[in-house]
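Structure data follow from structure_19.cif (mmCIF, C-alpha atoms (C1' of nucleotides)):
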```cif
data_start
loop_
_atom_site.label_atom_id
_atom_site.label_comp_id
_atom_site.auth_asym_id
_atom_site.auth_seq_id
_atom_site.Cartn_x
_atom_site.Cartn_y
_atom_site.Cartn_z
CA MET A 570 24.83 -11.83 -9.72
CA ALA A 571 21.92 -9.44 -10.15
CA ILE A 572 22.31 -6.17 -11.98
CA ASN A 573 21.15 -3.19 -10.02
CA LEU A 574 20.84 0.15 -11.73
CA ASP A 575 19.50 3.14 -9.87
CA GLU A 576 17.43 5.68 -11.76
CA SER A 577 20.29 8.06 -12.40
CA GLN A 578 22.45 5.30 -13.79
CA SER A 579 19.58 4.06 -15.93
CA LEU A 580 19.14 7.44 -17.58
CA GLN A 581 22.87 7.86 -18.06
CA LEU A 582 23.02 4.47 -19.71
CA TRP A 583 20.09 5.24 -22.01
CA HIS A 584 21.54 8.62 -22.85
CA SER A 585 24.93 7.26 -23.68
CA ALA A 586 23.52 4.45 -25.80
CA ALA A 587 21.10 6.76 -27.63
CA MET A 588 23.87 9.25 -28.31
CA ALA A 589 26.15 6.57 -29.67
CA GLN A 590 23.47 5.34 -32.04
CA VAL A 591 22.68 8.85 -33.27
CA LEU A 592 26.34 9.68 -33.78
CA ASP A 593 27.03 6.39 -35.55
CA ASN A 594 24.23 7.14 -38.00
CA VAL A 595 22.92 3.70 -37.24
CA PRO A 596 19.69 3.16 -39.23
CA ASP A 597 17.25 4.14 -36.59
CA LEU A 598 14.38 1.84 -35.88
CA THR A 599 11.32 2.95 -34.03
CA LEU A 600 10.74 1.67 -30.54
CA ARG A 601 8.24 -0.83 -31.90
CA GLN A 602 10.62 -2.07 -34.55
CA THR A 603 13.30 -2.44 -31.93
CA ALA A 604 11.00 -4.46 -29.73
CA ILE A 605 10.05 -6.63 -32.70
CA ILE A 606 13.55 -7.42 -33.91
CA LEU A 607 14.75 -8.16 -30.40
CA THR A 608 11.84 -10.48 -29.82
CA ILE A 609 12.66 -12.30 -33.04
CA TYR A 610 16.31 -12.69 -32.16
CA LEU A 611 16.07 -13.35 -28.44
CA GLN A 612 13.04 -15.56 -28.19
CA ARG A 613 12.56 -19.05 -29.45
CA PRO A 614 11.16 -19.45 -32.97
CA PRO A 615 8.88 -19.81 -34.75
CA HIS A 616 7.68 -16.22 -35.01
CA THR A 617 4.52 -15.29 -36.86
CA VAL A 618 2.81 -11.99 -37.53
CA ARG A 619 -0.03 -12.97 -35.30
CA GLY A 620 2.27 -14.05 -32.50
CA LEU A 621 4.31 -10.88 -32.59
CA ALA A 622 1.17 -8.76 -32.70
CA ALA A 623 -0.10 -10.51 -29.59
CA THR A 624 3.23 -10.22 -27.80
CA LEU A 625 3.48 -6.48 -28.43
CA ASN A 626 -0.24 -5.87 -28.11
CA VAL A 627 -0.44 -4.09 -31.45
CA THR A 628 -2.45 -4.73 -34.60
CA LYS A 629 -1.17 -7.03 -37.31
CA PRO A 630 -0.66 -4.29 -39.89
CA VAL A 631 1.85 -2.74 -37.52
CA ILE A 632 3.85 -5.96 -37.65
CA THR A 633 3.48 -6.34 -41.40
CA ARG A 634 4.73 -2.83 -42.02
CA ALA A 635 7.62 -3.20 -39.61
CA LEU A 636 8.62 -6.40 -41.38
CA ASP A 637 8.40 -4.62 -44.74
CA THR A 638 10.80 -1.97 -43.52
CA MET A 639 13.19 -4.29 -41.74
CA GLY A 640 12.98 -6.68 -44.67
CA MET A 641 14.18 -3.96 -47.01
CA MET A 642 17.00 -3.34 -44.56
CA LYS A 643 17.76 -7.08 -44.73
CA LEU A 644 17.37 -7.37 -40.97
CA VAL A 645 14.76 -10.15 -41.23
CA THR A 646 13.19 -12.34 -43.90
CA ARG A 647 9.76 -13.87 -44.32
CA LYS A 648 8.78 -17.30 -45.48
CA ARG A 649 5.45 -19.05 -45.82
CA ASP A 650 4.86 -21.83 -43.36
CA PRO A 651 4.60 -24.97 -45.54
CA SER A 652 2.39 -26.77 -43.05
CA ASP A 653 -0.14 -23.91 -42.90
CA ARG A 654 0.28 -21.58 -45.79
CA ARG A 655 -1.68 -18.81 -44.14
CA ASN A 656 1.16 -18.33 -41.70
CA VAL A 657 4.31 -16.38 -42.33
CA ILE A 658 7.45 -17.43 -40.51
CA ILE A 659 9.86 -14.62 -39.71
CA GLN A 660 13.51 -15.57 -39.81
CA ARG A 661 16.81 -14.08 -38.78
CA THR A 662 19.46 -12.89 -41.21
CA VAL A 663 23.19 -12.36 -41.13
CA ASP A 664 22.72 -8.60 -41.41
CA GLY A 665 20.23 -8.66 -38.56
CA SER A 666 22.67 -10.52 -36.36
CA LEU A 667 25.39 -8.01 -37.16
CA TYR A 668 23.02 -5.13 -36.41
CA LEU A 669 22.18 -6.52 -32.99
CA GLU A 670 25.77 -7.39 -32.26
CA LYS A 671 26.66 -3.76 -32.89
CA LEU A 672 23.77 -2.58 -30.72
CA ALA A 673 24.89 -4.89 -27.93
CA GLU A 674 28.37 -3.51 -28.14
CA ILE A 675 27.09 0.06 -27.89
CA ILE A 676 25.03 -0.74 -24.81
CA SER A 677 27.75 -2.75 -23.21
CA THR A 678 30.29 0.01 -23.77
CA SER A 679 27.87 2.59 -22.41
CA ALA A 680 27.37 0.51 -19.29
CA GLY A 681 31.11 0.24 -18.82
CA GLU A 682 31.41 4.02 -18.93
CA LEU A 683 28.90 4.56 -16.14
CA ARG A 684 30.25 6.54 -13.24
CA LEU A 685 28.75 6.96 -9.85
CA MET B 908 31.56 -0.18 -8.58
CA ALA B 909 31.64 -0.52 -12.34
CA ILE B 910 28.71 -1.94 -14.24
CA ASN B 911 29.62 -4.74 -16.56
CA LEU B 912 27.06 -5.99 -19.02
CA ASP B 913 27.94 -8.66 -21.52
CA GLU B 914 26.37 -8.55 -24.95
CA SER B 915 23.61 -11.00 -24.17
CA GLN B 916 22.62 -9.08 -21.08
CA SER B 917 22.72 -5.81 -22.99
CA LEU B 918 20.26 -7.08 -25.57
CA GLN B 919 18.01 -8.58 -22.93
CA LEU B 920 17.98 -5.28 -21.09
CA TRP B 921 17.19 -3.32 -24.25
CA HIS B 922 14.49 -5.79 -25.21
CA SER B 923 12.83 -5.69 -21.85
CA ALA B 924 12.92 -1.90 -21.70
CA ALA B 925 11.63 -1.50 -25.27
CA MET B 926 8.83 -3.98 -24.62
CA ALA B 927 7.79 -2.18 -21.45
CA GLN B 928 7.60 1.12 -23.27
CA VAL B 929 5.59 -0.33 -26.15
CA LEU B 930 3.19 -2.07 -23.80
CA ASP B 931 2.77 1.03 -21.64
CA ASN B 932 1.83 3.05 -24.71
CA VAL B 933 4.43 5.54 -23.64
CA PRO B 934 4.50 8.39 -26.21
CA ASP B 935 7.30 7.15 -28.32
CA LEU B 936 10.06 9.51 -29.12
CA THR B 937 12.50 8.86 -31.91
CA LEU B 938 16.05 7.96 -31.05
CA ARG B 939 17.08 11.52 -31.80
CA GLN B 940 14.38 12.99 -29.64
CA THR B 941 15.40 10.66 -26.84
CA ALA B 942 19.01 11.73 -27.15
CA ILE B 943 17.93 15.37 -27.12
CA ILE B 944 15.71 15.23 -24.07
CA LEU B 945 18.25 13.23 -22.11
CA THR B 946 20.97 15.70 -22.99
CA ILE B 947 18.75 18.53 -21.78
CA TYR B 948 17.94 16.84 -18.52
CA LEU B 949 21.26 15.22 -17.71
CA GLN B 950 23.73 17.84 -18.78
CA ARG B 951 24.32 21.23 -17.30
CA PRO B 952 22.36 24.14 -18.78
CA PRO B 953 22.14 26.34 -20.70
CA HIS B 954 21.03 24.43 -23.78
CA THR B 955 20.62 26.14 -27.14
CA VAL B 956 19.51 24.89 -30.53
CA ARG B 957 22.99 25.42 -31.86
CA GLY B 958 24.61 23.62 -28.96
CA LEU B 959 22.34 20.61 -29.20
CA ALA B 960 22.81 20.43 -32.95
CA ALA B 961 26.56 20.37 -32.46
CA THR B 962 26.37 17.79 -29.69
CA LEU B 963 24.25 15.42 -31.76
CA ASN B 964 25.96 16.27 -35.03
CA VAL B 965 22.67 17.06 -36.77
CA THR B 966 21.35 20.17 -38.50
CA LYS B 967 19.53 22.86 -36.58
CA PRO B 968 16.13 22.24 -38.16
CA VAL B 969 16.25 18.75 -36.70
CA ILE B 970 16.56 20.27 -33.24
CA THR B 971 13.88 22.88 -33.92
CA ARG B 972 11.41 20.25 -35.06
CA ALA B 973 12.19 17.97 -32.16
CA LEU B 974 11.60 20.88 -29.79
CA ASP B 975 8.32 21.66 -31.55
CA THR B 976 7.14 18.10 -30.99
CA MET B 977 8.40 17.77 -27.44
CA GLY B 978 7.12 21.25 -26.69
CA MET B 979 3.61 20.21 -27.71
CA MET B 980 4.03 17.21 -25.43
CA LYS B 981 5.06 19.66 -22.67
CA LEU B 982 8.34 17.82 -22.19
CA VAL B 983 10.44 20.98 -22.70
CA THR B 984 9.91 24.71 -23.10
CA ARG B 985 11.74 27.40 -25.01
CA LYS B 986 12.66 30.92 -23.97
CA ARG B 987 14.61 33.66 -25.67
CA ASP B 988 17.95 34.41 -24.09
CA PRO B 989 17.59 38.01 -22.84
CA SER B 990 21.31 38.67 -23.11
CA ASP B 991 21.48 37.58 -26.75
CA ARG B 992 18.09 37.53 -28.28
CA ARG B 993 19.18 35.36 -31.16
CA ASN B 994 19.57 32.44 -28.80
CA VAL B 995 16.82 30.21 -27.52
CA ILE B 996 17.25 28.61 -24.14
CA ILE B 997 15.67 25.20 -23.73
CA GLN B 998 14.29 24.46 -20.29
CA ARG B 999 13.01 21.49 -18.38
CA THR B 1000 9.40 21.02 -17.36
CA VAL B 1001 7.56 19.10 -14.70
CA ASP B 1002 6.05 16.81 -17.32
CA GLY B 1003 9.47 16.15 -18.80
CA SER B 1004 10.85 15.22 -15.41
CA LEU B 1005 7.98 12.84 -14.86
CA TYR B 1006 8.49 11.31 -18.28
CA LEU B 1007 12.15 10.63 -17.58
CA GLU B 1008 11.44 9.38 -14.11
CA LYS B 1009 9.10 6.83 -15.61
CA LEU B 1010 11.66 5.88 -18.24
CA ALA B 1011 14.30 5.44 -15.55
CA GLU B 1012 11.99 3.21 -13.62
CA ILE B 1013 11.35 1.04 -16.67
CA ILE B 1014 15.07 0.63 -17.35
CA SER B 1015 15.89 0.03 -13.73
CA THR B 1016 13.20 -2.60 -13.42
CA SER B 1017 14.36 -4.25 -16.62
CA ALA B 1018 17.90 -4.42 -15.28
CA GLY B 1019 16.66 -5.98 -12.09
CA GLU B 1020 14.93 -8.71 -14.06
CA LEU B 1021 18.10 -9.71 -15.87
CA ARG B 1022 19.11 -13.29 -15.30
CA LEU B 1023 22.31 -15.01 -16.24
"C1'" DA C 72 25.21 53.74 -40.41
"C1'" DT C 73 25.85 49.89 -43.21
"C1'" DA C 74 27.50 45.44 -44.24
"C1'" DA C 75 28.52 40.91 -42.66
"C1'" DA C 76 27.86 37.04 -39.64
"C1'" DA C 77 25.24 34.15 -36.55
"C1'" DT C 78 21.02 32.14 -34.73
"C1'" DA C 79 16.65 30.04 -35.07
"C1'" DG C 80 12.80 28.97 -37.66
"C1'" DA C 81 9.79 28.30 -41.98
"C1'" DA C 82 8.86 26.19 -46.43
"C1'" DC C 83 9.08 22.43 -49.50
"C1'" DG C 84 8.98 17.78 -51.36
"C1'" DG C 85 9.67 13.08 -50.18
"C1'" DA C 86 9.46 9.09 -47.16
"C1'" DA C 87 7.67 6.44 -43.17
"C1'" DC C 88 4.37 5.53 -39.78
"C1'" DC C 89 -0.19 5.23 -37.68
"C1'" DG C 90 -5.20 3.28 -36.97
"C1'" DA C 91 -9.08 1.58 -39.16
"C1'" DA C 92 -11.31 -0.72 -42.65
"C1'" DA C 93 -11.29 -3.58 -46.72
"C1'" DT C 94 -9.17 -7.45 -49.35
"C1'" DA C 95 -7.00 -12.06 -50.49
"C1'" DA C 96 -5.72 -16.55 -49.59
"C1'" DA C 97 -5.84 -20.70 -46.97
"C1'" DA C 98 -7.88 -23.82 -43.69
"C1'" DC C 99 -11.69 -25.65 -41.31
"C1'" DC C 100 -16.31 -27.41 -40.59
"C1'" DG C 101 -21.00 -28.49 -41.21
"C1'" DC D 609 -19.15 -28.94 -51.61
"C1'" DG D 610 -20.34 -23.95 -49.45
"C1'" DG D 611 -19.87 -20.97 -45.83
"C1'" DT D 612 -17.21 -19.40 -41.98
"C1'" DT D 613 -12.96 -18.47 -39.68
"C1'" DT D 614 -8.17 -17.40 -39.58
"C1'" DT D 615 -4.03 -15.30 -41.27
"C1'" DA D 616 -1.64 -11.75 -43.49
"C1'" DT D 617 -1.61 -7.94 -46.38
"C1'" DT D 618 -3.30 -3.73 -48.86
"C1'" DT D 619 -5.54 0.54 -49.01
"C1'" DC D 620 -6.97 4.96 -47.26
"C1'" DG D 621 -6.47 9.48 -45.11
"C1'" DG D 622 -3.83 11.79 -41.91
"C1'" DT D 623 0.37 12.91 -39.22
"C1'" DT D 624 5.20 13.22 -38.41
"C1'" DC D 625 9.87 13.12 -39.64
"C1'" DC D 626 13.73 13.98 -42.71
"C1'" DG D 627 17.28 16.91 -45.52
"C1'" DT D 628 17.82 20.99 -48.02
"C1'" DT D 629 17.14 25.50 -48.87
"C1'" DC D 630 15.43 29.97 -47.83
"C1'" DT D 631 13.96 33.71 -44.58
"C1'" DA D 632 13.80 36.74 -40.44
"C1'" DT D 633 15.89 38.61 -36.55
"C1'" DT D 634 19.69 40.03 -33.88
"C1'" DT D 635 24.44 41.00 -33.09
"C1'" DT D 636 29.00 42.33 -34.49
"C1'" DA D 637 32.38 44.68 -37.25
"C1'" DT D 638 33.90 48.22 -40.33
#
```

Could you take the file, read its structure, and then write that structure out as structure tokens?
Amino acid sequence: MAINLDESQSLQLWHSAAMAQVLDNVPDLTLRQTAIILTIYLQRPPHTVRGLAATLNVTKPVITRALDTMGMMKLVTRKRDPSDRRNVIIQRTVDGSLYLEKLAEIISTSAGELRL
Amino acid sequence: MAINLDESQSLQLWHSAAMAQVLDNVPDLTLRQTAIILTIYLQRPPHTVRGLAATLNVTKPVITRALDTMGMMKLVTRKRDPSDRRNVIIQRTVDGSLYLEKLAEIISTSAGELRL
DNA sequence: ATAAAATAGAACGGAACCGAAATAAAACCG
DNA sequence: CGGTTTTATTTCGGTTCCGTTCTATTTTAT
């Protein structure tokens, strides 16, 4: 079963989900940070700074800074790759999983409220 | 027909849409700004600073600053309410409509790419 | 007319982000 | 070994955003 959203429904969904996040005072990530954390949690590991930078087509400092911020929020952690100590492996956390679970619930609920 | 998205699909949709926006170098609005512009374009006018602040449960300076930014981007315009000159009426623009049309297309496309 | 209330914006200090360039550490290669 | 490449981070100057507080303008009420 394919999901088909027309443009009006798409905007309603985005609006509802954005409103819910603003009202919930959810710690708000930038669009880039959102793309990064979702890539980390949805795509197969391992994830490195270089890999994420390539995937998002941004410079590495952008990734480093986003990881700093999300690291302080406990949404991700970093670890040196033992086999090549230049690399940093980005890992998931319990808090990160909870954050995304909550986000998923907001989106899912917003979708359920869509009216034609 | 009701739209039902499970949590995995919700995150995939959000990921895909966030990625598309990052890759397109779309001018990235904060979550609050996104909620504001969508409220302006999806809900019935008139929109005032006070009304938007109440709707989003934020202070008025937050709205003023968001309108400053989005005004410079030509996504919205402001006009004094002639009948009560304390009020500012926020209005849509052609550029704002185009911006949202593009956003809608990104989300719609992302939804279409969802697989189970 | 004068005082009070309401609306929007400005000012301020602090925090986060950006792009670009410079730095540090590790691995590779001749 | 010594030099080069690769990886990640730090630094720099500039911009934007935030919350709080203060100000200016307009309307309403006494």

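Neighbouring residues of A:Asp664 at 8 Å or closer, counting all atoms listed in the file and skipping chain neighbours under 4 positions away, are Lys643, Leu644 and Tyr668 of chain A.
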
Those selected residues, please, written with C-alpha atoms and delivered as a PDB file, keeping the file's coordinate frame.
```pdb
ATOM      1  CA  LYS A 643      17.760  -7.080 -44.730  1.00  0.00           C
ATOM      2  CA  LEU A 644      17.370  -7.370 -40.970  1.00  0.00           C
ATOM      3  CA  TYR A 668      23.020  -5.130 -36.410  1.00  0.00           C
TER       4      TYR A 668
END
```

| said: If the cut-off is 10 Å, can you tell me the residues of chain A near chain C, counting all atoms listed in the file? I'd like them as an NGL selection string. | reply: :A and (599 or 628 or 630-631 or 634-635 or 638 or 653-656)

Output C-alpha atoms for every residue in the selection just made, as a PDB file, in the frame of the given file.
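Written output follows (result_21.pdb):
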```
ATOM      1  CA  THR A 599      11.320   2.950 -34.030  1.00  0.00           C
ATOM      2  CA  THR A 628      -2.450  -4.730 -34.600  1.00  0.00           C
ATOM      3  CA  PRO A 630      -0.660  -4.290 -39.890  1.00  0.00           C
ATOM      4  CA  VAL A 631       1.850  -2.740 -37.520  1.00  0.00           C
ATOM      5  CA  ARG A 634       4.730  -2.830 -42.020  1.00  0.00           C
ATOM      6  CA  ALA A 635       7.620  -3.200 -39.610  1.00  0.00           C
ATOM      7  CA  THR A 638      10.800  -1.970 -43.520  1.00  0.00           C
ATOM      8  CA  ASP A 653      -0.140 -23.910 -42.900  1.00  0.00           C
ATOM      9  CA  ARG A 654       0.280 -21.580 -45.790  1.00  0.00           C
ATOM     10  CA  ARG A 655      -1.680 -18.810 -44.140  1.00  0.00           C
ATOM     11  CA  ASN A 656       1.160 -18.330 -41.700  1.00  0.00           C
TER      12      ASN A 656
END
```

Please report as an mmCIF file with C-alpha atoms (C1' of nucleotides), in the frame of the given file which residues of chain D come no farther than 9 Å from chain A, using all atoms listed in the file.
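Heads up, here's the output in selection_12.cif:
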```cif
data_model
loop_
_atom_site.group_PDB
_atom_site.id
_atom_site.type_symbol
_atom_site.label_atom_id
_atom_site.label_comp_id
_atom_site.auth_asym_id
_atom_site.auth_seq_id
_atom_site.Cartn_x
_atom_site.Cartn_y
_atom_site.Cartn_z
ATOM 1 C "C1'" DT D 614 -8.170 -17.400 -39.580
ATOM 2 C "C1'" DT D 615 -4.030 -15.300 -41.270
ATOM 3 C "C1'" DA D 616 -1.640 -11.750 -43.490
ATOM 4 C "C1'" DT D 617 -1.610 -7.940 -46.380
#
```

| request: For the structure shown, which residues end up in the PyMOL selection byres ((chain B) within 10 of (chain A))? Put them as a PyMOL selection string, please? | output: chain B and resi 908-932+935-946+948-949+962-965+1007-1023

Write the selection just made, keeping C-alpha atoms, as a short mmCIF file (atom, residue, chain, number, x, y, z; two decimals), keeping the file's coordinate frame?
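So part21.cif came out as:
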```cif
data_model
loop_
_atom_site.label_atom_id
_atom_site.label_comp_id
_atom_site.auth_asym_id
_atom_site.auth_seq_id
_atom_site.Cartn_x
_atom_site.Cartn_y
_atom_site.Cartn_z
CA MET B 908 31.56 -0.18 -8.58
CA ALA B 909 31.64 -0.52 -12.34
CA ILE B 910 28.71 -1.94 -14.24
CA ASN B 911 29.62 -4.74 -16.56
CA LEU B 912 27.06 -5.99 -19.02
CA ASP B 913 27.94 -8.66 -21.52
CA GLU B 914 26.37 -8.55 -24.95
CA SER B 915 23.61 -11.00 -24.17
CA GLN B 916 22.62 -9.08 -21.08
CA SER B 917 22.72 -5.81 -22.99
CA LEU B 918 20.26 -7.08 -25.57
CA GLN B 919 18.01 -8.58 -22.93
CA LEU B 920 17.98 -5.28 -21.09
CA TRP B 921 17.19 -3.32 -24.25
CA HIS B 922 14.49 -5.79 -25.21
CA SER B 923 12.83 -5.69 -21.85
CA ALA B 924 12.92 -1.90 -21.70
CA ALA B 925 11.63 -1.50 -25.27
CA MET B 926 8.83 -3.98 -24.62
CA ALA B 927 7.79 -2.18 -21.45
CA GLN B 928 7.60 1.12 -23.27
CA VAL B 929 5.59 -0.33 -26.15
CA LEU B 930 3.19 -2.07 -23.80
CA ASP B 931 2.77 1.03 -21.64
CA ASN B 932 1.83 3.05 -24.71
CA ASP B 935 7.30 7.15 -28.32
CA LEU B 936 10.06 9.51 -29.12
CA THR B 937 12.50 8.86 -31.91
CA LEU B 938 16.05 7.96 -31.05
CA ARG B 939 17.08 11.52 -31.80
CA GLN B 940 14.38 12.99 -29.64
CA THR B 941 15.40 10.66 -26.84
CA ALA B 942 19.01 11.73 -27.15
CA ILE B 943 17.93 15.37 -27.12
CA ILE B 944 15.71 15.23 -24.07
CA LEU B 945 18.25 13.23 -22.11
CA THR B 946 20.97 15.70 -22.99
CA TYR B 948 17.94 16.84 -18.52
CA LEU B 949 21.26 15.22 -17.71
CA THR B 962 26.37 17.79 -29.69
CA LEU B 963 24.25 15.42 -31.76
CA ASN B 964 25.96 16.27 -35.03
CA VAL B 965 22.67 17.06 -36.77
CA LEU B 1007 12.15 10.63 -17.58
CA GLU B 1008 11.44 9.38 -14.11
CA LYS B 1009 9.10 6.83 -15.61
CA LEU B 1010 11.66 5.88 -18.24
CA ALA B 1011 14.30 5.44 -15.55
CA GLU B 1012 11.99 3.21 -13.62
CA ILE B 1013 11.35 1.04 -16.67
CA ILE B 1014 15.07 0.63 -17.35
CA SER B 1015 15.89 0.03 -13.73
CA THR B 1016 13.20 -2.60 -13.42
CA SER B 1017 14.36 -4.25 -16.62
CA ALA B 1018 17.90 -4.42 -15.28
CA GLY B 1019 16.66 -5.98 -12.09
CA GLU B 1020 14.93 -8.71 -14.06
CA LEU B 1021 18.10 -9.71 -15.87
CA ARG B 1022 19.11 -13.29 -15.30
CA LEU B 1023 22.31 -15.01 -16.24
#
```

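Interatomic distance, atom CA of A:Ser652 to atom CA of A:Gly620: 16.5 Å.
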
Overlay target chain B, mobile chain A, all C-alpha paired in order, as a compact mmCIF listing (two decimals) with C-alpha atoms, keeping the file's coordinate frame:
```txt
# COMPACT_ATOMS: atom_id res chain seq x y z
CA MET A 570 31.60 -0.24 -8.56
CA ALA A 571 31.63 -0.52 -12.34
CA ILE A 572 28.69 -1.92 -14.23
CA ASN A 573 29.59 -4.71 -16.57
CA LEU A 574 27.03 -5.96 -19.04
CA ASP A 575 27.93 -8.62 -21.54
CA GLU A 576 26.35 -8.50 -24.98
CA SER A 577 23.59 -10.95 -24.19
CA GLN A 578 22.61 -9.04 -21.09
CA SER A 579 22.70 -5.77 -23.01
CA LEU A 580 20.24 -7.03 -25.59
CA GLN A 581 17.99 -8.53 -22.95
CA LEU A 582 17.97 -5.23 -21.12
CA TRP A 583 17.16 -3.27 -24.28
CA HIS A 584 14.48 -5.75 -25.23
CA SER A 585 12.82 -5.65 -21.87
CA ALA A 586 12.90 -1.87 -21.71
CA ALA A 587 11.62 -1.47 -25.28
CA MET A 588 8.83 -3.94 -24.63
CA ALA A 589 7.78 -2.16 -21.48
CA GLN A 590 7.60 1.16 -23.28
CA VAL A 591 5.58 -0.29 -26.16
CA LEU A 592 3.18 -2.04 -23.81
CA ASP A 593 2.77 1.05 -21.63
CA ASN A 594 1.79 3.06 -24.70
CA VAL A 595 4.37 5.58 -23.61
CA PRO A 596 4.47 8.40 -26.20
CA ASP A 597 7.29 7.14 -28.28
CA LEU A 598 10.08 9.50 -29.11
CA THR A 599 12.50 8.86 -31.89
CA LEU A 600 16.05 7.96 -31.04
CA ARG A 601 17.11 11.52 -31.79
CA GLN A 602 14.41 12.99 -29.61
CA THR A 603 15.42 10.66 -26.83
CA ALA A 604 19.03 11.72 -27.13
CA ILE A 605 17.96 15.37 -27.10
CA ILE A 606 15.72 15.24 -24.05
CA LEU A 607 18.27 13.24 -22.09
CA THR A 608 20.98 15.70 -22.96
CA ILE A 609 18.77 18.54 -21.78
CA TYR A 610 17.96 16.85 -18.50
CA LEU A 611 21.30 15.24 -17.70
CA GLN A 612 23.76 17.87 -18.78
CA ARG A 613 24.37 21.27 -17.34
CA PRO A 614 22.36 24.16 -18.79
CA PRO A 615 22.13 26.36 -20.69
CA HIS A 616 21.03 24.45 -23.78
CA THR A 617 20.63 26.13 -27.14
CA VAL A 618 19.55 24.87 -30.53
CA ARG A 619 23.01 25.39 -31.86
CA GLY A 620 24.63 23.61 -28.94
CA LEU A 621 22.36 20.60 -29.18
CA ALA A 622 22.86 20.42 -32.93
CA ALA A 623 26.61 20.35 -32.42
CA THR A 624 26.40 17.77 -29.64
CA LEU A 625 24.29 15.39 -31.72
CA ASN A 626 26.00 16.26 -34.99
CA VAL A 627 22.72 17.02 -36.73
CA THR A 628 21.38 20.11 -38.47
CA LYS A 629 19.56 22.81 -36.56
CA PRO A 630 16.18 22.17 -38.17
CA VAL A 631 16.31 18.69 -36.68
CA ILE A 632 16.58 20.25 -33.24
CA THR A 633 13.91 22.86 -33.92
CA ARG A 634 11.45 20.23 -35.07
CA ALA A 635 12.20 17.94 -32.16
CA LEU A 636 11.61 20.84 -29.79
CA ASP A 637 8.33 21.62 -31.55
CA THR A 638 7.15 18.08 -30.99
CA MET A 639 8.40 17.73 -27.44
CA GLY A 640 7.12 21.22 -26.69
CA MET A 641 3.63 20.18 -27.70
CA MET A 642 4.05 17.19 -25.42
CA LYS A 643 5.06 19.63 -22.66
CA LEU A 644 8.34 17.80 -22.19
CA VAL A 645 10.44 20.96 -22.69
CA THR A 646 9.90 24.69 -23.10
CA ARG A 647 11.74 27.39 -25.01
CA LYS A 648 12.63 30.88 -23.98
CA ARG A 649 14.57 33.65 -25.67
CA ASP A 650 17.91 34.41 -24.12
CA PRO A 651 17.55 38.01 -22.85
CA SER A 652 21.25 38.72 -23.16
CA ASP A 653 21.38 37.61 -26.81
CA ARG A 654 17.96 37.48 -28.31
CA ARG A 655 19.06 35.34 -31.21
CA ASN A 656 19.52 32.44 -28.83
CA VAL A 657 16.80 30.17 -27.56
CA ILE A 658 17.24 28.61 -24.16
CA ILE A 659 15.66 25.19 -23.74
CA GLN A 660 14.30 24.47 -20.30
CA ARG A 661 13.02 21.50 -18.37
CA THR A 662 9.41 21.01 -17.35
CA VAL A 663 7.56 19.11 -14.68
CA ASP A 664 6.05 16.79 -17.29
CA GLY A 665 9.48 16.17 -18.77
CA SER A 666 10.86 15.23 -15.38
CA LEU A 667 7.98 12.83 -14.81
CA TYR A 668 8.51 11.30 -18.25
CA LEU A 669 12.17 10.63 -17.56
CA GLU A 670 11.46 9.39 -14.07
CA LYS A 671 9.11 6.83 -15.58
CA LEU A 672 11.68 5.88 -18.21
CA ALA A 673 14.31 5.44 -15.52
CA GLU A 674 12.01 3.20 -13.59
CA ILE A 675 11.36 1.04 -16.65
CA ILE A 676 15.07 0.63 -17.32
CA SER A 677 15.91 0.04 -13.72
CA THR A 678 13.21 -2.60 -13.40
CA SER A 679 14.36 -4.26 -16.61
CA ALA A 680 17.90 -4.41 -15.28
CA GLY A 681 16.68 -5.98 -12.07
CA GLU A 682 14.95 -8.71 -14.05
CA LEU A 683 18.10 -9.72 -15.91
CA ARG A 684 19.00 -13.35 -15.52
CA LEU A 685 22.21 -15.03 -16.40
```

| request: Might you spell out which residues the PyMOL selection byres ((chain A and resi 645) around 7) would select in the displayed file, as a list in words? | output: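 After applying the PyMOL selection byres ((chain A and resi 645) around 7), what remains is Met639, Gly640, Lys643, Leu644, Thr646, Arg647, Ile659, Gln660, Arg661, Thr662 and Gly665 of chain A.
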
| Interatomic distance (Å, one decimal) between atom C1' of D:DC625 and atom CA of B:Lys986 |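 We find that atom C1' of D:DC625 and atom CA of B:Lys986 lie 23.9 Å from each other.
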
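Across the model, the gap from atom CA of A:Leu636 to atom CA of B:Met980 is 28.9 Å.
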